[in-house]
$ cat protein-v5.cif   # mmCIF, C-alpha atoms and all ligand atoms
data_protein
#
loop_
_atom_site.label_atom_id
_atom_site.label_comp_id
_atom_site.auth_asym_id
_atom_site.auth_seq_id
_atom_site.Cartn_x
_atom_site.Cartn_y
_atom_site.Cartn_z
CA MET O 7 -14.60 -1.14 -29.00
CA LYS O 8 -17.43 -3.49 -27.90
CA ARG O 9 -18.33 -6.02 -30.51
CA GLU O 10 -20.84 -8.70 -29.77
CA GLN O 11 -22.35 -9.84 -26.53
CA LEU O 12 -20.81 -13.20 -25.68
CA TYR O 13 -22.55 -13.98 -22.44
CA SER O 14 -25.00 -12.32 -20.11
CA GLY O 15 -25.04 -13.60 -16.55
CA LYS O 16 -27.06 -12.53 -13.54
CA ALA O 17 -25.06 -9.39 -12.82
CA LYS O 18 -22.53 -8.93 -15.61
CA THR O 19 -22.43 -9.02 -19.40
CA ILE O 20 -19.32 -10.07 -21.31
CA TYR O 21 -18.56 -8.62 -24.75
CA SER O 22 -15.92 -9.42 -27.32
CA THR O 23 -13.60 -6.67 -28.59
CA GLU O 24 -11.61 -6.25 -31.80
CA ASP O 25 -8.74 -7.94 -29.94
CA PRO O 26 -9.61 -11.65 -29.54
CA SER O 27 -7.41 -11.86 -26.43
CA ARG O 28 -9.51 -9.29 -24.55
CA TYR O 29 -13.10 -9.05 -23.38
CA ILE O 30 -15.17 -6.31 -21.79
CA SER O 31 -16.93 -7.12 -18.53
CA GLU O 32 -19.88 -4.84 -17.84
CA PHE O 33 -21.17 -4.71 -14.26
CA ARG O 34 -24.94 -4.25 -14.28
CA ASP O 35 -27.39 -3.04 -11.63
CA SER O 36 -29.38 -6.29 -11.72
CA LEU O 37 -28.97 -9.02 -9.14
CA THR O 38 -30.47 -12.37 -8.26
CA ALA O 39 -30.46 -14.70 -5.29
CA PHE O 40 -31.68 -18.20 -4.40
CA ASP O 41 -30.79 -19.74 -7.78
CA GLY O 42 -32.37 -16.87 -9.68
CA LYS O 43 -35.72 -17.14 -7.87
CA LYS O 44 -35.37 -13.65 -6.41
CA LYS O 45 -34.55 -10.89 -8.88
CA GLY O 46 -33.88 -7.20 -8.41
CA GLU O 47 -32.41 -4.02 -9.79
CA VAL O 48 -30.50 -1.64 -7.53
CA SER O 49 -29.21 1.72 -8.70
CA LYS O 50 -25.41 2.26 -8.66
CA LYS O 51 -24.75 -1.38 -7.72
CA GLY O 52 -22.84 -2.07 -10.95
CA TYR O 53 -20.73 1.03 -10.46
CA TYR O 54 -19.74 0.26 -6.85
CA ASN O 55 -19.05 -3.41 -7.57
CA ALA O 56 -16.90 -2.57 -10.61
CA GLN O 57 -14.86 -0.04 -8.63
CA ILE O 58 -14.43 -2.37 -5.64
CA SER O 59 -13.40 -5.27 -7.93
CA LYS O 60 -10.90 -3.08 -9.77
CA LYS O 61 -9.28 -2.03 -6.51
CA LEU O 62 -9.10 -5.58 -5.16
CA PHE O 63 -7.68 -6.92 -8.46
CA ASP O 64 -5.03 -4.16 -8.32
CA LEU O 65 -4.26 -5.19 -4.74
CA LEU O 66 -3.82 -8.86 -5.74
CA GLU O 67 -1.62 -7.93 -8.70
CA SER O 68 0.54 -5.81 -6.39
CA LYS O 69 1.07 -8.97 -4.30
CA GLY O 70 2.08 -11.03 -7.33
CA ILE O 71 -1.27 -12.74 -8.01
CA LYS O 72 -2.29 -12.66 -11.64
CA THR O 73 -5.86 -11.55 -12.40
CA HIS O 74 -7.80 -11.03 -15.63
CA TYR O 75 -8.12 -7.29 -14.94
CA ILE O 76 -6.47 -4.94 -17.46
CA LYS O 77 -8.09 -1.50 -17.04
CA MET O 78 -11.36 0.35 -16.53
CA LEU O 79 -13.07 1.63 -19.68
CA SER O 80 -15.85 3.47 -17.87
CA ASP O 81 -17.47 3.60 -14.43
CA ASN O 82 -18.80 0.06 -14.76
CA GLU O 83 -16.89 -1.52 -17.67
CA MET O 84 -13.66 -3.39 -17.27
CA LEU O 85 -11.28 -4.55 -19.98
CA VAL O 86 -10.18 -8.07 -19.05
CA GLU O 87 -8.09 -10.92 -20.44
CA ALA O 88 -10.15 -13.36 -22.47
CA VAL O 89 -9.81 -16.54 -20.40
CA ASP O 90 -11.49 -19.93 -20.33
CA ILE O 91 -13.46 -19.85 -17.12
CA ILE O 92 -12.85 -22.94 -15.00
CA LYS O 93 -16.28 -24.19 -13.98
CA ILE O 94 -15.55 -24.22 -10.27
CA GLU O 95 -16.79 -21.75 -7.65
CA VAL O 96 -14.05 -21.58 -5.05
CA ILE O 97 -15.27 -20.40 -1.66
CA PRO O 98 -12.79 -19.62 1.10
CA ARG O 99 -14.57 -19.51 4.46
CA ASN O 100 -13.22 -17.91 7.62
CA ILE O 101 -16.39 -17.59 9.69
CA ALA O 102 -19.45 -19.81 9.26
CA ALA O 103 -22.35 -18.16 7.44
CA GLY O 104 -24.82 -19.06 4.73
CA SER O 105 -24.99 -22.52 3.20
CA ILE O 106 -22.37 -24.16 5.43
CA THR O 107 -24.63 -23.52 8.45
CA ARG O 108 -27.55 -25.16 6.65
CA LYS O 109 -25.70 -28.19 5.32
CA TYR O 110 -23.65 -29.09 8.40
CA PRO O 111 -24.06 -28.81 12.17
CA ILE O 112 -21.99 -25.62 12.28
CA LYS O 113 -23.39 -22.51 14.00
CA GLU O 114 -23.35 -19.15 12.22
CA GLY O 115 -20.44 -17.08 13.52
CA THR O 116 -18.16 -20.06 14.25
CA VAL O 117 -14.63 -18.86 13.58
CA PHE O 118 -12.53 -21.41 11.68
CA LYS O 119 -8.99 -21.86 12.98
CA ASN O 120 -7.90 -22.67 9.43
CA PRO O 121 -9.76 -21.37 6.38
CA VAL O 122 -12.17 -23.89 4.88
CA ILE O 123 -11.95 -24.03 1.09
CA ILE O 124 -15.11 -25.26 -0.61
CA MET O 125 -15.23 -26.00 -4.33
CA ASP O 126 -18.59 -26.19 -6.09
CA TYR O 127 -19.30 -27.26 -9.66
CA LYS O 128 -20.52 -24.13 -11.48
CA SER O 129 -23.71 -25.46 -13.00
CA ASP O 130 -27.18 -23.93 -12.73
CA GLU O 131 -28.63 -27.14 -14.14
CA TYR O 132 -27.21 -29.24 -11.30
CA GLY O 133 -27.53 -26.61 -8.55
CA ASP O 134 -23.77 -26.06 -8.02
CA PRO O 135 -23.00 -29.34 -6.18
CA MET O 136 -19.84 -29.56 -4.11
CA LEU O 137 -16.84 -31.11 -5.86
CA ASN O 138 -13.83 -33.02 -4.75
CA GLU O 139 -10.72 -33.36 -6.88
CA ASP O 140 -11.70 -36.73 -8.32
CA ILE O 141 -15.13 -35.54 -9.44
CA ALA O 142 -13.63 -32.38 -10.92
CA VAL O 143 -11.23 -34.50 -12.95
CA VAL O 144 -13.98 -36.94 -14.04
CA LEU O 145 -16.11 -33.97 -15.16
CA GLY O 146 -13.11 -32.62 -17.05
CA VAL O 147 -13.36 -29.19 -15.41
CA ALA O 148 -9.77 -29.15 -14.17
CA THR O 149 -6.71 -31.35 -13.72
CA TYR O 150 -5.29 -32.43 -10.35
CA GLU O 151 -2.44 -29.96 -10.85
CA GLU O 152 -4.83 -27.10 -11.61
CA ILE O 153 -6.93 -27.87 -8.53
CA ALA O 154 -3.83 -27.82 -6.34
CA ILE O 155 -2.81 -24.44 -7.82
CA ILE O 156 -6.34 -23.05 -7.40
CA ARG O 157 -6.41 -24.08 -3.75
CA GLN O 158 -3.07 -22.41 -3.04
CA LEU O 159 -4.14 -19.25 -4.89
CA ALA O 160 -7.46 -19.14 -3.02
CA LEU O 161 -5.64 -19.37 0.34
CA LYS O 162 -3.24 -16.59 -0.67
CA VAL O 163 -6.04 -14.32 -1.93
CA ASN O 164 -7.93 -14.98 1.30
CA ASP O 165 -4.93 -13.94 3.45
CA ILE O 166 -4.40 -10.76 1.44
CA LEU O 167 -8.07 -9.75 1.52
CA ILE O 168 -8.57 -10.50 5.23
CA LYS O 169 -5.71 -8.17 6.18
CA TYR O 170 -6.61 -5.40 3.71
CA LEU O 171 -10.28 -5.39 4.71
CA ASP O 172 -9.57 -5.61 8.43
CA GLU O 173 -7.57 -2.37 8.14
CA ARG O 174 -10.72 -0.82 6.67
CA GLY O 175 -13.09 -2.06 9.38
CA ILE O 176 -14.50 -4.96 7.36
CA VAL O 177 -14.66 -8.63 8.40
CA LEU O 178 -14.56 -11.25 5.60
CA PRO O 179 -16.55 -14.36 6.65
CA ASP O 180 -16.47 -15.88 3.15
CA PHE O 181 -16.33 -15.06 -0.55
CA LYS O 182 -16.42 -16.68 -3.96
CA LEU O 183 -13.59 -16.76 -6.47
CA GLU O 184 -13.53 -17.89 -10.06
CA PHE O 185 -10.42 -18.72 -12.02
CA GLY O 186 -9.66 -18.68 -15.71
CA ARG O 187 -6.95 -20.24 -17.79
CA LYS O 188 -5.08 -18.60 -20.62
CA ASN O 189 -1.96 -19.96 -22.34
CA GLY O 190 -1.46 -22.48 -19.56
CA GLN O 191 -1.62 -19.87 -16.82
CA ILE O 192 -4.31 -19.77 -14.14
CA MET O 193 -5.53 -16.37 -13.05
CA VAL O 194 -8.22 -14.90 -10.83
CA ALA O 195 -11.22 -13.89 -12.97
CA ASP O 196 -14.85 -12.78 -12.61
CA GLU O 197 -15.26 -10.23 -9.79
CA ILE O 198 -14.57 -9.66 -6.12
CA SER O 199 -17.36 -7.42 -4.89
CA CYS O 200 -20.24 -6.93 -2.48
CA ASP O 201 -22.21 -9.44 -4.60
CA THR O 202 -19.65 -12.22 -4.20
CA CYS O 203 -18.26 -11.64 -0.71
CA ARG O 204 -19.77 -11.52 2.76
CA PHE O 205 -18.62 -8.25 4.28
CA TRP O 206 -19.49 -7.58 7.93
CA ASP O 207 -18.89 -4.26 9.62
CA LYS O 208 -16.14 -4.89 12.20
CA GLU O 209 -17.80 -2.66 14.83
CA THR O 210 -21.41 -3.77 14.59
CA GLY O 211 -21.36 -7.07 12.66
CA ARG O 212 -23.94 -5.68 10.25
CA SER O 213 -24.04 -7.07 6.67
CA MET O 214 -22.65 -4.82 3.95
CA ASP O 215 -23.18 -7.23 1.06
CA LYS O 216 -25.73 -9.15 -0.98
CA ASP O 217 -27.28 -10.66 2.17
CA ILE O 218 -29.11 -7.31 2.41
CA PHE O 219 -30.88 -8.24 -0.83
CA ARG O 220 -31.26 -11.94 0.02
CA PHE O 221 -32.93 -11.24 3.37
CA ASP O 222 -34.39 -7.74 2.87
CA LYS O 223 -32.07 -6.29 5.48
CA GLY O 224 -32.24 -2.65 4.35
CA ASP O 225 -30.82 -0.19 1.85
CA LEU O 226 -28.41 -2.03 -0.46
CA THR O 227 -27.10 1.00 -2.35
CA LYS O 228 -26.22 2.68 0.95
CA ALA O 229 -24.35 -0.37 2.23
CA TYR O 230 -22.42 -0.90 -1.03
CA GLU O 231 -21.57 2.80 -1.01
CA GLU O 232 -20.25 2.44 2.53
CA VAL O 233 -17.99 -0.46 1.44
CA ALA O 234 -16.85 1.60 -1.58
CA LYS O 235 -16.03 4.54 0.74
CA ARG O 236 -13.72 2.28 2.74
CA ILE O 237 -12.11 0.44 -0.21
CA VAL O 238 -12.10 3.09 -2.97
CA PRO O 239 -12.36 6.44 -1.14
CA GLU O 240 -10.77 8.13 -4.18
CA ILE O 241 -13.97 7.82 -6.24
CA PHE O 242 -15.78 10.09 -3.78
CA GLN O 243 -13.33 12.99 -4.04
N1 LIG Z 1 -21.44 -16.88 -3.62
C1 LIG Z 1 -21.44 -16.26 -4.86
N2 LIG Z 1 -22.10 -16.86 -5.90
C2 LIG Z 1 -22.74 -18.05 -5.77
C3 LIG Z 1 -22.73 -18.68 -4.51
C4 LIG Z 1 -22.07 -18.07 -3.46
O1 LIG Z 1 -20.85 -15.20 -5.03
O2 LIG Z 1 -23.30 -18.54 -6.77
C5 LIG Z 1 -20.73 -16.25 -2.49
C6 LIG Z 1 -21.68 -15.66 -1.46
O3 LIG Z 1 -21.91 -14.30 -1.72
C7 LIG Z 1 -20.92 -15.85 -0.18
C8 LIG Z 1 -20.09 -17.10 -0.41
O4 LIG Z 1 -20.01 -17.26 -1.83
O5 LIG Z 1 -20.04 -14.78 0.06
C9 LIG Z 1 -20.67 -18.35 0.21
O6 LIG Z 1 -22.01 -18.50 -0.18
P1 LIG Z 1 -22.90 -19.67 0.45
O7 LIG Z 1 -22.41 -20.97 -0.05
O8 LIG Z 1 -22.96 -19.50 1.91
O9 LIG Z 1 -24.29 -19.46 -0.22
P2 LIG Z 1 -25.59 -18.67 0.23
O10 LIG Z 1 -25.54 -18.37 1.67
O11 LIG Z 1 -25.52 -17.46 -0.63
O12 LIG Z 1 -26.67 -19.62 -0.13
#
$ encode --input "protein-v5.cif" --output "structure tokens" --more "lines below"
Ligand code: UDP
Amino acid sequence: MKREQLYSGKAKTIYSTEDPSRYISEFRDSLTAFDGKKKGEVSKKGYYNAQISKKLFDLLESKGIKTHYIKMLSDNEMLVEAVDIIKIEVIPRNIAAGSITRKYPIKEGTVFKNPVIIMDYKSDEYGDPMLNEDIAVVLGVATYEEIAIIRQLALKVNDILIKYLDERGIVLPDFKLEFGRKNGQIMVADEISCDTCRFWDKETGRSMDKDIFRFDKGDLTKAYEEVAKRIVPEIFQ
């Protein structure tokens, strides 16, 4: 089924298939932080992230939001639509954490009355600078219409995830979305996992996400497993 490796990122590898309209996304155990300066390998991370992503893509689809997800091929391999990735990292923020507390006078833990949507230019070379619509259009990464659609989709996804996770004892301070285009349609792509979301335990406030790796906060496999137990309990039966 897998043909050639098309792209290998920090945590996933994308392969072509015999069907040019479909790719395989393989979730690996490797991870990086701080622009690739910190590197690691954590057992079962790819498995938990793939399963969590699958479940959250299914959830979005059930609410009428198109994603690139088609089906799982193995524990950590996903068959996905071959899309053109839009080079924007879209970050909905509900509670201040991470870079927003370093760049602006905003204290960690500040709850935003309305979600704050940040869009960054996806470019390692330029350090993912923040975009506005005009710069995005000048760079040719998206049209004004696409940016408006992306913003609306990001807000919708955020609403859906906040509610779903809250019911499972998880707070969602922020997360990163990527979108792809295919035949004129924009869909959610990439992944939605412990690597790309901040997940805080509702009871204790403890991190259950990649911040554990970023700041050496403990056992990452155990935390990702705990998130998986709440989101995909069926894989533990
Ligand atoms: N994020 C991501 N990939 C990136 C940058 C950010 O998945 O390249 C996610 C990150 O996990 C967090 C959210 O986007 O959930 C906001 O990250 P932030 O800008 O606060 O960056 P950080 O604190 O990681 O420097």
$ atom_distance --input "protein-v5.cif" --atom1 "CA of Ala103 (chain O)" --atom2 "CA of Phe219 (chain O)"
15.5 Å
$ residues_near_point --input "protein-v5.cif" --point "(-13.8, -3.8, 7.5)" --cutoff "12 Å" --atoms "all atoms listed in the file" --output "JSON, numbers by chain"
{"O": [167, 168, 169, 170, 171, 172, 173, 174, 175, 176, 177, 178, 179, 204, 205, 206, 207, 208, 209, 210, 211, 212, 213, 214, 215, 232, 233, 234, 235, 236, 237]}
$ write_last_selection --input "protein-v5.cif" --atoms "C-alpha atoms" --output "PDB file, keeping the file's coordinate frame"
ATOM      1  CA  LEU O 167      -8.070  -9.750   1.520  1.00  0.00           C
ATOM      2  CA  ILE O 168      -8.570 -10.500   5.230  1.00  0.00           C
ATOM      3  CA  LYS O 169      -5.710  -8.170   6.180  1.00  0.00           C
ATOM      4  CA  TYR O 170      -6.610  -5.400   3.710  1.00  0.00           C
ATOM      5  CA  LEU O 171     -10.280  -5.390   4.710  1.00  0.00           C
ATOM      6  CA  ASP O 172      -9.570  -5.610   8.430  1.00  0.00           C
ATOM      7  CA  GLU O 173      -7.570  -2.370   8.140  1.00  0.00           C
ATOM      8  CA  ARG O 174     -10.720  -0.820   6.670  1.00  0.00           C
ATOM      9  CA  GLY O 175     -13.090  -2.060   9.380  1.00  0.00           C
ATOM     10  CA  ILE O 176     -14.500  -4.960   7.360  1.00  0.00           C
ATOM     11  CA  VAL O 177     -14.660  -8.630   8.400  1.00  0.00           C
ATOM     12  CA  LEU O 178     -14.560 -11.250   5.600  1.00  0.00           C
ATOM     13  CA  PRO O 179     -16.550 -14.360   6.650  1.00  0.00           C
ATOM     14  CA  ARG O 204     -19.770 -11.520   2.760  1.00  0.00           C
ATOM     15  CA  PHE O 205     -18.620  -8.250   4.280  1.00  0.00           C
ATOM     16  CA  TRP O 206     -19.490  -7.580   7.930  1.00  0.00           C
ATOM     17  CA  ASP O 207     -18.890  -4.260   9.620  1.00  0.00           C
ATOM     18  CA  LYS O 208     -16.140  -4.890  12.200  1.00  0.00           C
ATOM     19  CA  GLU O 209     -17.800  -2.660  14.830  1.00  0.00           C
ATOM     20  CA  THR O 210     -21.410  -3.770  14.590  1.00  0.00           C
ATOM     21  CA  GLY O 211     -21.360  -7.070  12.660  1.00  0.00           C
ATOM     22  CA  ARG O 212     -23.940  -5.680  10.250  1.00  0.00           C
ATOM     23  CA  SER O 213     -24.040  -7.070   6.670  1.00  0.00           C
ATOM     24  CA  MET O 214     -22.650  -4.820   3.950  1.00  0.00           C
ATOM     25  CA  ASP O 215     -23.180  -7.230   1.060  1.00  0.00           C
ATOM     26  CA  GLU O 232     -20.250   2.440   2.530  1.00  0.00           C
ATOM     27  CA  VAL O 233     -17.990  -0.460   1.440  1.00  0.00           C
ATOM     28  CA  ALA O 234     -16.850   1.600  -1.580  1.00  0.00           C
ATOM     29  CA  LYS O 235     -16.030   4.540   0.740  1.00  0.00           C
ATOM     30  CA  ARG O 236     -13.720   2.280   2.740  1.00  0.00           C
ATOM     31  CA  ILE O 237     -12.110   0.440  -0.210  1.00  0.00           C
TER      32      ILE O 237
END
$ closest_residue --input "protein-v5.cif" --among "O:Thr38, O:Ser59, O:Gln158, O:Gln11" --to "ligand LIG 1 (chain Z)" --atoms "all atoms listed in the file"
O:Thr38
$ residues_around --input "protein-v5.cif" --residues "Asp201 (chain O)" --least-positions-apart "3" --cutoff "12 Å" --atoms "all atoms listed in the file" --output "count of residues only"
40
$ axis_aligned_box --input "protein-v5.cif" --around "ligand LIG 1 (chain Z)" --padding-each-side "8 Å" --output "AutoDock Vina command-line options"
--center_x -23.3 --center_y -17.6 --center_z -2.4 --size_x 22.7 --size_y 22.7 --size_z 24.7
$ atom_distance --input "protein-v5.cif" --atom1 "CA of Asp225 (chain O)" --atom2 "CA of Asn164 (chain O)"
27.3 Å
$ atom_distance --input "protein-v5.cif" --atom1 "CA of Ser105 (chain O)" --atom2 "CA of Leu137 (chain O)"
14.9 Å
$ residues_around --input "protein-v5.cif" --residues "region 66-75 of chain O" --least-positions-apart "2" --cutoff "6 Å" --atoms "all atoms listed in the file" --output "PyMOL selection string"
chain O and resi 63-64+86-87+193-195
$ closest_residue --input "protein-v5.cif" --among "O:Tyr29, O:Phe221, O:Phe40, O:Tyr21" --to "ligand LIG 1 (chain Z)" --atoms "only C-alpha atoms and all ligand atoms"
O:Phe40
$ closest_residue --input "protein-v5.cif" --among "O:Val89, O:Ala148, O:Ile20, O:Val96" --to "ligand LIG 1 (chain Z)" --atoms "all atoms listed in the file"
O:Val96
$ residues_around --input "protein-v5.cif" --residues "Asn120 (chain O)" --least-positions-apart "5" --cutoff "10 Å" --atoms "all atoms listed in the file" --output "PDB file with C-alpha atoms, keeping the file's coordinate frame"
ATOM      1  CA  ARG O  99     -14.570 -19.510   4.460  1.00  0.00           C
ATOM      2  CA  ASN O 100     -13.220 -17.910   7.620  1.00  0.00           C
ATOM      3  CA  ILE O 101     -16.390 -17.590   9.690  1.00  0.00           C
ATOM      4  CA  LEU O 161      -5.640 -19.370   0.340  1.00  0.00           C
TER       5      LEU O 161
END
$ build_atoms --input "protein-v5.cif" --residues "region 157-169 of chain O" --atoms "N, CA and C atoms" --output "tab-separated table (two decimals), keeping the file's coordinate frame"
chain	number	residue	atom	x	y	z
O	157	ARG	N	-6.29	-24.08	-5.21
O	157	ARG	CA	-6.41	-24.08	-3.75
O	157	ARG	C	-5.37	-23.16	-3.11
O	158	GLN	N	-4.13	-23.27	-3.58
O	158	GLN	CA	-3.07	-22.41	-3.04
O	158	GLN	C	-3.36	-20.94	-3.32
O	159	LEU	N	-3.81	-20.64	-4.55
O	159	LEU	CA	-4.14	-19.25	-4.89
O	159	LEU	C	-5.28	-18.73	-4.02
O	160	ALA	N	-6.30	-19.56	-3.82
O	160	ALA	CA	-7.46	-19.14	-3.02
O	160	ALA	C	-7.02	-18.81	-1.58
O	161	LEU	N	-6.13	-19.62	-1.02
O	161	LEU	CA	-5.64	-19.37	0.34
O	161	LEU	C	-4.86	-18.06	0.41
O	162	LYS	N	-4.04	-17.83	-0.62
O	162	LYS	CA	-3.24	-16.59	-0.67
O	162	LYS	C	-4.14	-15.37	-0.79
O	163	VAL	N	-5.11	-15.44	-1.73
O	163	VAL	CA	-6.04	-14.32	-1.93
O	163	VAL	C	-6.78	-14.06	-0.61
O	164	ASN	N	-7.20	-15.12	0.04
O	164	ASN	CA	-7.93	-14.98	1.30
O	164	ASN	C	-7.08	-14.23	2.33
O	165	ASP	N	-5.82	-14.62	2.49
O	165	ASP	CA	-4.93	-13.94	3.45
O	165	ASP	C	-4.80	-12.46	3.14
O	166	ILE	N	-4.60	-12.16	1.87
O	166	ILE	CA	-4.40	-10.76	1.44
O	166	ILE	C	-5.66	-9.95	1.72
O	167	LEU	N	-6.81	-10.50	1.35
O	167	LEU	CA	-8.07	-9.75	1.52
O	167	LEU	C	-8.42	-9.57	2.99
O	168	ILE	N	-8.23	-10.61	3.80
O	168	ILE	CA	-8.57	-10.50	5.23
O	168	ILE	C	-7.84	-9.31	5.84
O	169	LYS	N	-6.54	-9.21	5.57
O	169	LYS	CA	-5.71	-8.17	6.18
O	169	LYS	C	-6.14	-6.78	5.66
